[in-house]
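Peer 1: work-v7.csv is the file, holding CSV, C-alpha atoms and all ligand atoms:
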chain,number,residue,atom,x,y,z
I,1443,MET,CA,95.7,78.2,77.3
I,1444,VAL,CA,97.2,80.7,79.8
I,1445,ALA,CA,99.7,82.1,77.2
I,1446,GLU,CA,96.7,83.6,75.3
I,1447,GLU,CA,95.7,85.6,78.4
I,1448,TYR,CA,99.3,86.8,79.0
I,1449,ALA,CA,99.6,87.9,75.4
I,1450,GLN,CA,96.3,89.8,75.6
I,1451,THR,CA,97.4,91.6,78.7
I,1452,LEU,CA,101.0,92.3,77.7
I,1453,ARG,CA,100.4,93.5,74.2
I,1454,SER,CA,98.5,96.5,75.7
I,1455,SER,CA,101.6,97.4,77.7
I,1456,ARG,CA,104.1,100.0,76.5
I,1457,ALA,CA,106.7,98.6,78.9
I,1458,ILE,CA,106.9,95.2,77.1
I,1459,ASN,CA,107.6,94.0,73.6
I,1460,LEU,CA,106.9,90.4,73.0
I,1461,VAL,CA,110.0,89.6,70.8
I,1462,THR,CA,110.2,85.8,70.6
I,1463,CYS,CA,108.2,82.7,71.4
I,1464,ALA,CA,109.0,79.0,71.7
I,1465,ASP,CA,107.1,75.8,72.2
I,1466,ILE,CA,108.1,72.1,71.9
I,1467,ASP,CA,105.2,72.0,69.4
I,1468,VAL,CA,106.7,74.4,66.7
I,1469,ALA,CA,103.4,74.7,64.8
I,1470,ARG,CA,101.7,75.9,67.9
I,1471,ALA,CA,104.4,78.5,68.5
I,1472,ARG,CA,104.1,79.7,64.9
I,1473,ALA,CA,100.3,80.1,65.2
I,1474,PHE,CA,100.7,81.9,68.5
I,1475,ALA,CA,103.3,84.3,67.0
I,1476,ARG,CA,101.0,85.0,64.1
I,1477,ARG,CA,98.0,85.7,66.4
I,1478,TYR,CA,100.0,88.2,68.5
I,1479,SER,CA,102.4,89.7,65.9
I,1480,ILE,CA,105.5,88.2,67.7
I,1481,PRO,CA,108.4,88.6,65.2
I,1482,ARG,CA,110.5,85.5,65.9
I,1483,VAL,CA,109.8,81.8,66.7
I,1484,VAL,CA,112.7,79.8,68.0
I,1485,SER,CA,113.3,76.4,69.6
I,1486,PRO,CA,113.1,76.1,73.4
I,1487,GLY,CA,116.6,76.8,74.6
I,1488,GLN,CA,117.3,79.4,72.0
I,1489,LEU,CA,115.2,82.2,73.5
I,1490,ASP,CA,116.9,85.6,73.7
I,1491,ALA,CA,115.2,88.3,75.6
I,1492,ASP,CA,115.4,90.4,78.8
I,1493,VAL,CA,112.8,88.3,80.5
I,1494,VAL,CA,111.6,84.7,79.7
I,1495,ILE,CA,108.0,84.1,80.7
I,1496,VAL,CA,107.6,80.4,81.5
I,1497,LEU,CA,104.1,79.1,80.7
I,1498,THR,CA,104.7,75.4,80.1
I,1499,PRO,CA,103.0,72.7,82.2
I,1500,PRO,CA,104.4,72.8,85.8
I,1501,GLU,CA,106.7,69.8,85.4
I,1502,HIS,CA,108.8,71.7,82.9
I,1503,HIS,CA,108.9,75.0,84.8
I,1504,ALA,CA,112.2,74.4,86.6
I,1505,ASP,CA,114.2,73.1,83.5
I,1506,VAL,CA,113.0,75.9,81.2
I,1507,ALA,CA,113.7,78.5,83.9
I,1508,ARG,CA,117.1,77.0,84.7
I,1509,SER,CA,118.4,77.2,81.1
I,1510,ALA,CA,117.1,80.8,80.8
I,1511,ILE,CA,118.8,81.9,84.0
I,1512,GLU,CA,122.0,80.1,83.0
I,1513,ALA,CA,121.9,82.2,79.8
I,1514,GLY,CA,121.7,85.3,81.9
I,1515,MET,CA,118.0,86.1,81.5
I,1516,SER,CA,115.5,87.0,84.2
I,1517,VAL,CA,112.4,84.7,84.4
I,1518,TYR,CA,108.8,85.0,85.4
I,1519,LEU,CA,107.0,81.7,85.9
I,1520,GLU,CA,103.4,80.6,86.2
I,1521,LYS,CA,102.4,78.8,89.4
I,1522,PRO,CA,103.6,76.7,91.0
I,1523,LEU,CA,107.1,78.0,90.7
I,1524,ALA,CA,108.5,74.4,90.8
I,1525,ARG,CA,107.3,71.0,91.8
I,1526,THR,CA,109.0,71.1,95.2
I,1527,ALA,CA,110.4,73.7,97.6
I,1528,SER,CA,113.9,72.4,97.2
I,1529,GLU,CA,113.7,72.7,93.4
I,1530,ALA,CA,112.5,76.3,93.9
I,1531,GLU,CA,115.3,77.0,96.4
I,1532,SER,CA,117.9,76.0,93.9
I,1533,LEU,CA,116.4,78.1,91.2
I,1534,LEU,CA,116.4,81.2,93.5
I,1535,ALA,CA,120.0,80.5,94.4
I,1536,LEU,CA,121.0,80.1,90.8
I,1537,ALA,CA,119.3,83.4,89.9
I,1538,ASP,CA,121.1,85.1,92.8
I,1539,ARG,CA,124.5,83.8,91.5
I,1540,ARG,CA,123.7,84.9,88.0
I,1541,GLY,CA,122.4,88.3,89.1
I,1542,VAL,CA,119.0,87.9,87.4
I,1543,LEU,CA,115.5,88.3,88.7
I,1544,ILE,CA,112.7,85.7,89.4
I,1545,GLY,CA,109.1,86.6,89.5
I,1546,ALA,CA,106.2,84.2,89.8
I,1547,ALA,CA,102.4,84.0,89.5
I,1548,PRO,CA,99.8,84.3,90.8
I,1549,ASP,CA,99.6,88.1,90.2
I,1550,THR,CA,95.8,88.4,91.0
I,1551,PHE,CA,96.6,89.9,94.4
I,1552,LEU,CA,98.0,93.0,92.6
I,1553,ALA,CA,94.6,93.6,91.1
I,1554,PRO,CA,91.9,96.1,92.4
I,1555,PRO,CA,89.9,93.8,94.6
I,1556,ILE,CA,92.7,92.4,96.8
I,1557,GLN,CA,94.4,95.8,96.8
I,1558,ALA,CA,91.2,97.3,98.1
I,1559,ALA,CA,90.9,94.7,100.8
I,1560,ALA,CA,94.6,95.3,101.8
I,1561,GLU,CA,93.9,99.0,102.1
I,1562,ALA,CA,90.9,98.4,104.3
I,1563,ILE,CA,92.8,96.1,106.6
I,1564,THR,CA,95.7,98.6,106.8
I,1565,ALA,CA,93.2,101.4,107.6
I,1566,GLY,CA,91.8,99.3,110.5
I,1567,LEU,CA,88.3,99.0,109.0
I,1568,ILE,CA,87.8,95.5,110.3
I,1569,GLY,CA,89.9,96.0,113.5
I,1570,GLU,CA,92.5,93.4,114.2
I,1571,PRO,CA,92.3,90.3,111.9
I,1572,ILE,CA,91.6,87.1,113.9
I,1573,ALA,CA,90.6,84.5,111.4
I,1574,ALA,CA,90.0,83.7,107.7
I,1575,THR,CA,88.5,81.0,105.6
I,1576,ALA,CA,89.5,80.1,102.0
I,1577,ALA,CA,87.6,77.7,99.8
I,1578,LEU,CA,88.2,76.4,96.3
I,1579,LEU,CA,85.4,74.0,95.8
I,1580,SER,CA,85.1,72.7,92.3
I,1581,PRO,CA,84.2,69.6,90.4
I,1582,GLY,CA,87.7,69.4,88.8
I,1583,PRO,CA,89.3,70.8,85.6
I,1584,GLU,CA,88.4,67.9,83.3
I,1585,ARG,CA,85.2,69.8,82.6
I,1586,TRP,CA,87.0,72.7,80.8
I,1587,HIS,CA,90.7,71.8,80.2
I,1588,PRO,CA,91.7,69.7,77.1
I,1589,ARG,CA,94.7,68.3,79.0
I,1590,PRO,CA,93.7,68.0,82.7
I,1591,GLU,CA,96.3,65.3,83.6
I,1592,PRO,CA,99.1,67.8,84.5
I,1593,ILE,CA,96.6,69.7,86.7
I,1594,TYR,CA,95.8,66.4,88.5
I,1595,ASP,CA,99.5,65.7,88.9
I,1596,LEU,CA,99.5,68.7,91.2
I,1597,GLY,CA,96.0,68.3,92.7
I,1598,PRO,CA,93.9,71.2,93.9
I,1599,LEU,CA,96.2,72.2,96.7
I,1600,LEU,CA,99.2,72.9,94.4
I,1601,ASP,CA,97.3,73.9,91.4
I,1602,MET,CA,94.7,76.3,92.9
I,1603,GLY,CA,96.0,76.8,96.5
I,1604,PRO,CA,98.5,79.4,95.3
I,1605,TYR,CA,95.7,81.9,94.4
I,1606,TYR,CA,94.1,81.6,97.9
I,1607,LEU,CA,97.3,81.4,99.9
I,1608,THR,CA,99.1,84.3,98.0
I,1609,ALA,CA,96.1,86.5,98.6
I,1610,LEU,CA,96.0,85.6,102.3
I,1611,ILE,CA,99.8,86.0,102.7
I,1612,HIS,CA,99.6,89.4,101.1
I,1613,LEU,CA,96.7,90.5,103.3
I,1614,LEU,CA,97.6,88.8,106.6
I,1615,GLY,CA,101.4,88.1,106.5
I,1616,PRO,CA,103.3,84.9,106.2
I,1617,ILE,CA,102.1,81.5,107.4
I,1618,ALA,CA,104.0,80.2,110.4
I,1619,THR,CA,102.3,76.9,111.3
I,1620,VAL,CA,100.1,74.1,109.9
I,1621,HIS,CA,98.1,72.7,112.8
I,1622,GLY,CA,96.2,70.0,111.0
I,1623,ALA,CA,95.3,68.7,107.6
I,1624,ILE,CA,93.3,65.9,105.9
I,1625,CYS,CA,94.0,64.9,102.3
I,1626,GLY,CA,91.4,62.6,100.6
I,1627,SER,CA,91.4,61.2,97.1
I,1628,ARG,CA,88.8,60.2,94.5
I,1629,PRO,CA,91.2,58.8,91.9
I,1630,ARG,CA,88.9,57.8,89.1
I,1631,ARG,CA,87.9,60.8,86.9
I,1632,THR,CA,85.7,61.0,83.9
I,1633,ARG,CA,86.0,63.6,81.0
I,1634,PRO,CA,82.9,65.1,79.5
I,1635,SER,CA,83.4,62.7,76.6
I,1636,GLY,CA,83.0,59.8,79.0
I,1637,ALA,CA,86.7,58.7,78.8
I,1638,GLU,CA,88.2,57.8,82.2
I,1639,PHE,CA,91.6,58.5,83.7
I,1640,THR,CA,93.1,58.1,87.2
I,1641,THR,CA,95.0,60.4,89.5
I,1642,THR,CA,97.3,59.5,92.4
I,1643,THR,CA,97.2,63.0,94.1
I,1644,ALA,CA,94.8,64.2,96.8
I,1645,THR,CA,91.7,65.6,95.3
I,1646,HIS,CA,90.2,67.1,98.5
I,1647,VAL,CA,92.3,68.9,101.1
I,1648,GLU,CA,91.3,70.5,104.3
I,1649,ALA,CA,93.9,72.4,106.4
I,1650,LEU,CA,94.1,74.6,109.5
I,1651,LEU,CA,96.9,77.2,109.3
I,1652,GLU,CA,98.2,80.0,111.5
I,1653,THR,CA,100.0,83.1,110.3
I,1654,ALA,CA,103.0,84.5,112.1
I,1655,ALA,CA,100.7,87.2,113.5
I,1656,GLY,CA,98.4,84.6,115.0
I,1657,VAL,CA,95.5,84.7,112.5
I,1658,SER,CA,93.9,81.2,112.0
I,1659,ILE,CA,93.0,80.2,108.5
I,1660,THR,CA,90.7,77.3,107.4
I,1661,LEU,CA,91.7,76.3,103.9
I,1662,THR,CA,89.8,73.9,101.6
I,1663,THR,CA,90.8,73.0,98.1
I,1664,SER,CA,88.8,70.4,96.3
I,1665,PHE,CA,88.2,68.9,92.8
I,1666,ASP,CA,85.4,66.7,94.3
I,1667,THR,CA,82.6,69.1,95.0
I,1668,GLN,CA,79.7,69.8,92.6
I,1669,ALA,CA,78.3,73.0,94.1
I,1670,THR,CA,78.8,75.4,97.0
I,1671,THR,CA,77.6,78.6,98.6
I,1672,ARG,CA,80.8,79.0,100.6
I,1673,PRO,CA,82.6,82.3,99.8
I,1674,HIS,CA,86.1,82.1,98.2
I,1675,LEU,CA,87.7,84.1,100.9
I,1676,GLU,CA,86.4,85.7,104.1
I,1677,ILE,CA,88.5,87.6,106.6
I,1678,TYR,CA,87.2,88.2,110.1
I,1679,GLY,CA,88.4,91.1,112.3
I,1680,THR,CA,87.6,92.2,115.8
I,1681,ASP,CA,85.4,95.0,114.3
I,1682,GLY,CA,84.2,93.6,111.0
I,1683,THR,CA,84.3,91.1,108.1
I,1684,LEU,CA,85.5,91.3,104.5
I,1685,VAL,CA,84.2,89.0,101.8
I,1686,LEU,CA,86.5,88.7,98.8
I,1687,PRO,CA,85.8,87.6,95.2
I,1688,ASP,CA,87.5,84.6,93.5
I,1689,PRO,CA,91.3,85.2,93.8
I,1690,ASN,CA,91.8,83.3,90.6
I,1691,PHE,CA,90.6,86.5,88.7
I,1692,HIS,CA,91.6,90.1,88.6
I,1693,GLU,CA,88.1,91.6,89.1
I,1694,GLY,CA,85.1,91.3,91.4
I,1695,THR,CA,83.6,93.1,94.4
I,1696,VAL,CA,84.9,93.1,98.0
I,1697,ARG,CA,82.2,93.5,100.5
I,1698,ILE,CA,82.5,94.7,104.1
I,1699,ARG,CA,80.2,94.7,107.1
I,1700,ARG,CA,81.4,96.4,110.3
I,1701,GLN,CA,80.2,96.1,113.8
I,1702,GLY,CA,76.8,97.8,114.2
I,1703,GLU,CA,76.0,97.8,110.5
I,1704,ASN,CA,72.9,96.0,109.3
I,1705,ASP,CA,74.0,95.3,105.8
I,1706,TRP,CA,77.1,94.7,103.6
I,1707,SER,CA,78.6,97.5,101.5
I,1708,ALA,CA,81.1,97.3,98.6
I,1709,LEU,CA,84.6,98.6,98.9
I,1710,THR,CA,85.8,101.0,96.1
I,1711,PRO,CA,88.3,99.0,93.9
I,1712,LYS,CA,91.8,100.2,94.4
I,1713,MET,CA,93.6,100.8,91.1
I,1714,PRO,CA,97.0,99.2,91.5
I,1715,GLY,CA,99.2,101.6,89.6
I,1716,PHE,CA,100.0,99.3,86.7
I,1717,GLU,CA,99.2,100.3,83.2
I,1718,VAL,CA,97.4,97.0,82.6
I,1719,VAL,CA,95.4,94.7,84.8
I,1720,GLY,CA,95.1,91.0,83.9
I,1721,ARG,CA,97.0,87.7,83.9
I,1722,GLY,CA,100.6,88.8,83.2
I,1723,MET,CA,100.7,92.0,85.1
I,1724,GLY,CA,103.2,90.3,87.5
I,1725,VAL,CA,105.7,90.6,84.6
I,1726,LEU,CA,105.4,94.4,84.9
I,1727,ASP,CA,105.7,94.1,88.6
I,1728,LEU,CA,109.0,92.2,88.0
I,1729,ILE,CA,110.3,94.7,85.4
I,1730,ASN,CA,109.2,98.0,87.0
I,1731,GLY,CA,108.8,97.0,90.6
I,1732,PRO,CA,107.7,96.8,93.4
I,1733,ARG,CA,108.4,93.1,92.8
I,1734,ARG,CA,105.8,91.7,95.1
I,1735,ALA,CA,104.9,88.7,92.8
I,1736,SER,CA,108.3,87.4,93.8
I,1737,GLY,CA,110.2,84.1,93.7
I,1738,GLU,CA,110.5,84.3,97.5
I,1739,THR,CA,106.7,84.5,98.0
I,1740,ALA,CA,106.3,81.5,95.5
I,1741,LEU,CA,108.9,79.6,97.6
I,1742,HIS,CA,107.0,80.4,100.8
I,1743,LEU,CA,103.9,79.0,99.2
I,1744,LEU,CA,105.6,75.7,98.4
I,1745,HIS,CA,106.9,75.5,102.0
I,1746,VAL,CA,103.3,76.0,103.2
I,1747,ILE,CA,101.9,73.4,100.8
I,1748,GLU,CA,104.5,70.8,101.7
I,1749,ALA,CA,103.8,71.4,105.4
I,1750,VAL,CA,100.1,70.7,104.7
I,1751,GLN,CA,101.0,67.5,102.9
I,1752,ARG,CA,103.4,66.4,105.7
I,1753,THR,CA,100.8,67.2,108.4
I,1754,SER,CA,98.1,65.1,106.6
I,1755,VAL,CA,100.5,62.1,106.7
I,1756,SER,CA,102.0,62.5,110.1
I,1757,ASN,CA,99.0,63.9,112.1
I,1758,SER,CA,96.9,61.0,113.5
I,1759,GLY,CA,94.5,63.4,115.2
I,1760,SER,CA,92.7,62.9,118.5
I,1761,ALA,CA,90.3,60.0,118.6
I,1762,VAL,CA,86.7,60.7,119.8
I,1763,PRO,CA,85.0,57.9,121.8
I,1764,ALA,CA,82.4,56.0,119.7
I,1765,ILE,CA,79.0,56.0,121.3
I,1766,TRP,CA,76.9,54.7,118.4
I,1767,ARG,CA,76.6,51.3,116.9
I,1768,ALA,CA,78.5,50.6,113.7
I,1769,GLY,CA,76.4,51.8,110.7
I,1770,GLN,CA,74.1,54.1,112.7
I,1771,ARG,CA,74.2,57.8,111.8
H,1801,LIG,N1,95.0,77.0,81.8
H,1801,LIG,C1,94.7,78.0,82.7
H,1801,LIG,O1,93.6,78.5,82.7
H,1801,LIG,C2,95.8,78.4,83.6
H,1801,LIG,C3,95.5,79.5,84.5
H,1801,LIG,C4,96.4,80.0,85.3
H,1801,LIG,C5,97.7,79.4,85.3
H,1801,LIG,N2,98.0,78.3,84.5
H,1801,LIG,C6,99.4,77.8,84.6
H,1801,LIG,O2,99.9,78.1,83.3
H,1801,LIG,C7,100.9,77.0,82.9
H,1801,LIG,C8,100.5,76.5,81.6
H,1801,LIG,O3,99.2,75.9,81.7
H,1801,LIG,P1,98.3,75.8,80.4
H,1801,LIG,O4,97.0,75.3,80.9
H,1801,LIG,O5,98.3,77.1,79.6
H,1801,LIG,O6,99.0,74.6,79.6
H,1801,LIG,P2,98.8,74.2,78.1
H,1801,LIG,O7,99.0,72.7,78.2
H,1801,LIG,O8,97.6,74.7,77.5
H,1801,LIG,O9,100.0,74.8,77.3
H,1801,LIG,C9,101.4,74.5,77.7
H,1801,LIG,C10,102.3,74.7,76.4
H,1801,LIG,O10,103.6,74.4,76.8
H,1801,LIG,C11,104.2,73.7,75.8
H,1801,LIG,N3,105.4,73.0,76.3
H,1801,LIG,C12,105.5,71.9,77.1
H,1801,LIG,N4,106.7,71.6,77.5
H,1801,LIG,C13,107.5,72.6,77.0
H,1801,LIG,C14,108.9,72.9,77.0
H,1801,LIG,N5,109.7,72.1,77.8
H,1801,LIG,N6,109.4,73.9,76.4
H,1801,LIG,C15,108.5,74.7,75.7
H,1801,LIG,N7,107.2,74.5,75.6
H,1801,LIG,C16,106.7,73.5,76.2
H,1801,LIG,C17,103.1,72.8,75.3
H,1801,LIG,O11,103.4,72.2,74.0
H,1801,LIG,C18,101.9,73.7,75.3
H,1801,LIG,O12,101.8,74.4,74.1
H,1801,LIG,C19,100.9,76.0,84.1
H,1801,LIG,O13,101.9,76.3,84.9
H,1801,LIG,C20,99.5,76.3,84.8
H,1801,LIG,O14,99.6,76.0,86.2
H,1801,LIG,C21,97.1,77.8,83.7
Could you write out this file's structure as structure tokens?
Peer 2:
Amino acid sequence: MVAEEYAQTLRSSRAINLVTCADIDVARARAFARRYSIPRVVSPGQLDADVVIVLTPPEHHADVARSAIEAGMSVYLEKPLARTASEAESLLALADRRGVLIGAAPDTFLAPPIQAAAEAITAGLIGEPIAATAALLSPGPERWHPRPEPIYDLGPLLDMGPYYLTALIHLLGPIATVHGAICGSRPRRTRPSGAEFTTTTATHVEALLETAAGVSITLTTSFDTQATTRPHLEIYGTDGTLVLPDPNFHEGTVRIRRQGENDWSALTPKMPGFEVVGRGMGVLDLINGPRRASGETALHLLHVIEAVQRTSVSNSGSAVPAIWRAGQR
């Protein structure tokens, strides 16, 4: 699915030639090559290019990237970079030893909305940031993805959390602490066809985070919610509030309301200085700089996500005295 979006973005770029593609399903690779005029189709493992863009399901990211790095090629990976932070650390170390680059999605923070929000924060338009909320509230990917199981292997935190966390890290700096988290699960899922499957990962996650600069963040990622009016991202400063559009996409309007104002106004989108905007622009960021969609940021994300998972297991919370009878609301 996502390879289509990459090809559409990158074929408009003069900096990139799509020279080869590979898929374990060779017929799929051939059809893809025909659709995007890619001259060569090879087996996975025989790729030969300056950069290998890894768009397999996440459980294969590390293996595909490792063999490309060992062959001396730079890699750009879809999110999450790897299944675990330690797997990501060994990929980064290998790339360092081989003298090649690693870049990683998401790249949506490079697009005009989040760049406009970054500019507003840097200019002091909302004063000092004090808090933020991030909410991915969805009924789950079985509604639209033909193969939802790999997405459920990750769960909403690892599959969708990277968009929200990368945007917040870019805007507010790195996360230093996870103060609390709850992970709940509704394991039985139903496809639109009526077919059932089960998942073992958490399908609803709530977490309270704090950045190194002391900004508190409330993060919700859920595949269990049917509808919402909660904004995707809001950032609260001492002098104003920013409301951001869905960080899974490269477009949308950022709204601001400052102290003393009666209404919201739209920020002017900030063009990011790339020749193309869309899924895949992170590959240009890797090739031409400034390399902000980096392997290091993707590793930091995995550290944050693992800290949320650990906290939900180890944190027993503080009990509140019960004053109602059982069953009473
Ligand atoms: N689907 C989306 O809208 C979307 C959006 C953003 C990011 N992503 C990310 O993109 C990546 C791919 O997701 P997708 O939904 O496009 O998956 P997909 O299942 O649609 O496509 C994955 C392709 O990888 C091939 N493949 C599997 N193992 C391979 C291997 N070892 N070597 C070579 N090819 C292999 C499969 O045959 C398939 O054609 C994932 O990391 C996902 O998190 C997906």
Peer 1: Show which residues sit within 8 Å of region 1538-1541 of chain I, as a ChimeraX atom specification. Count only C-alpha atoms, and ignore same-chain residues fewer than 5 positions away.
Peer 2: /I:1511-1512,1514
Peer 1: What do you get as number ranges by chain if you pick all residues at most 6 Å from ligand LIG 1801 (chain H), counting only C-alpha atoms and all ligand atoms?
Peer 2: I: 1443-1445, 1464-1467, 1486, 1497-1500, 1502, 1520-1521
Peer 1: Neighbouring residues of Leu1533 (chain I) were defined as those with any atom within 8 Å, considering all atoms listed in the file; residues of the same chain fewer than 3 positions away were excluded. Please report them as number ranges by chain.
Peer 2: I: 1504, 1507-1508, 1529-1530, 1536-1537
Peer 1: For Ile1572 (chain I), which residue out of I:Ile1495, I:Ala1618, I:Val1506, I:Ile1659 is the nearest one, using only C-alpha atoms?
Peer 2: I:Ile1659
Peer 1: Between I:Gly1656, I:Pro1592, I:Pro1732, I:Gly1679, which is the closest to Arg1525 (chain I) once you count all atoms listed in the file?
Peer 2: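 Comparing I:Gly1656, I:Pro1592, I:Pro1732, I:Gly1679 against Arg1525 (chain I), the winner is I:Pro1592.
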Peer 1: Kindly indicate which residue among I:Ala1510, I:Val1647, I:Val1496, I:Met1713 lies nearest to Leu1578 (chain I), using only C-alpha atoms for the distances.
Peer 2: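 Among I:Ala1510, I:Val1647, I:Val1496, I:Met1713, it is I:Val1647 that comes nearest to Leu1578 (chain I).
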Peer 1: Residues at most 10 Å from Leu1684 (chain I), counting all atoms listed in the file, excluding those fewer than 6 positions away in the same chain, as a list in words?
Peer 2: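 The residues that qualify are Ala1559, Ala1562, Ile1563, Leu1567, Ile1568, Ala1574, Leu1675, Glu1676, Ile1677, Tyr1678, Val1696, Arg1697, Ile1698, Arg1699, Arg1700, Trp1706, Ser1707, Ala1708 and Leu1709 of chain I.
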Peer 1: Pick out the closest residue to Met1602 (chain I) from this set: I:Leu1743, I:Val1494, I:Leu1650, I:Ile1544. Count only C-alpha atoms.
Peer 2: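 Between I:Leu1743, I:Val1494, I:Leu1650, I:Ile1544, the residue approaching Met1602 (chain I) most closely is I:Leu1743.
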Peer 1: Which distance in Å separates CA of Thr1662 (chain I) and CA of Glu1648 (chain I), to one decimal?
Peer 2: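 It comes out at 4.6 Å.
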Peer 1: So how many Å separate CA of Asp1490 (chain I) and CA of Arg1734 (chain I), to one decimal?
Peer 2: 24.9 Å
Peer 1: Go through I:Ala1637, I:Ile1611, I:Leu1686, I:Ala1576 one by one, measure the shortest atom-to-atom distance of each to Leu1599 (chain I) using all atoms listed in the file, and give the residue with the smallest value.
Peer 2: I:Ala1576
Peer 1: Can you list, as a VMD selection string, every protein, DNA or RNA residue that comes within 6 Å of region 1665-1668 of chain I when you count all atoms listed in the file, leaving out same-chain residues fewer than 4 positions away?
Peer 2: chain I and resid 1579 to 1582 1645
Peer 1: In Å to one decimal, how far is CA of Ser1664 (chain I) from CA of Gly1769 (chain I)?
Peer 2: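 We find that CA of Gly1769 (chain I) and CA of Ser1664 (chain I) lie 26.6 Å from each other.
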Peer 1: Taking all atoms listed in the file into account, which of I:Leu1489, I:Leu1534, I:Val1718, I:Leu1741 comes nearest Ser1509 (chain I)?
Peer 2: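 Using all atoms listed in the file, the shortest distance to Ser1509 (chain I) belongs to I:Leu1489.
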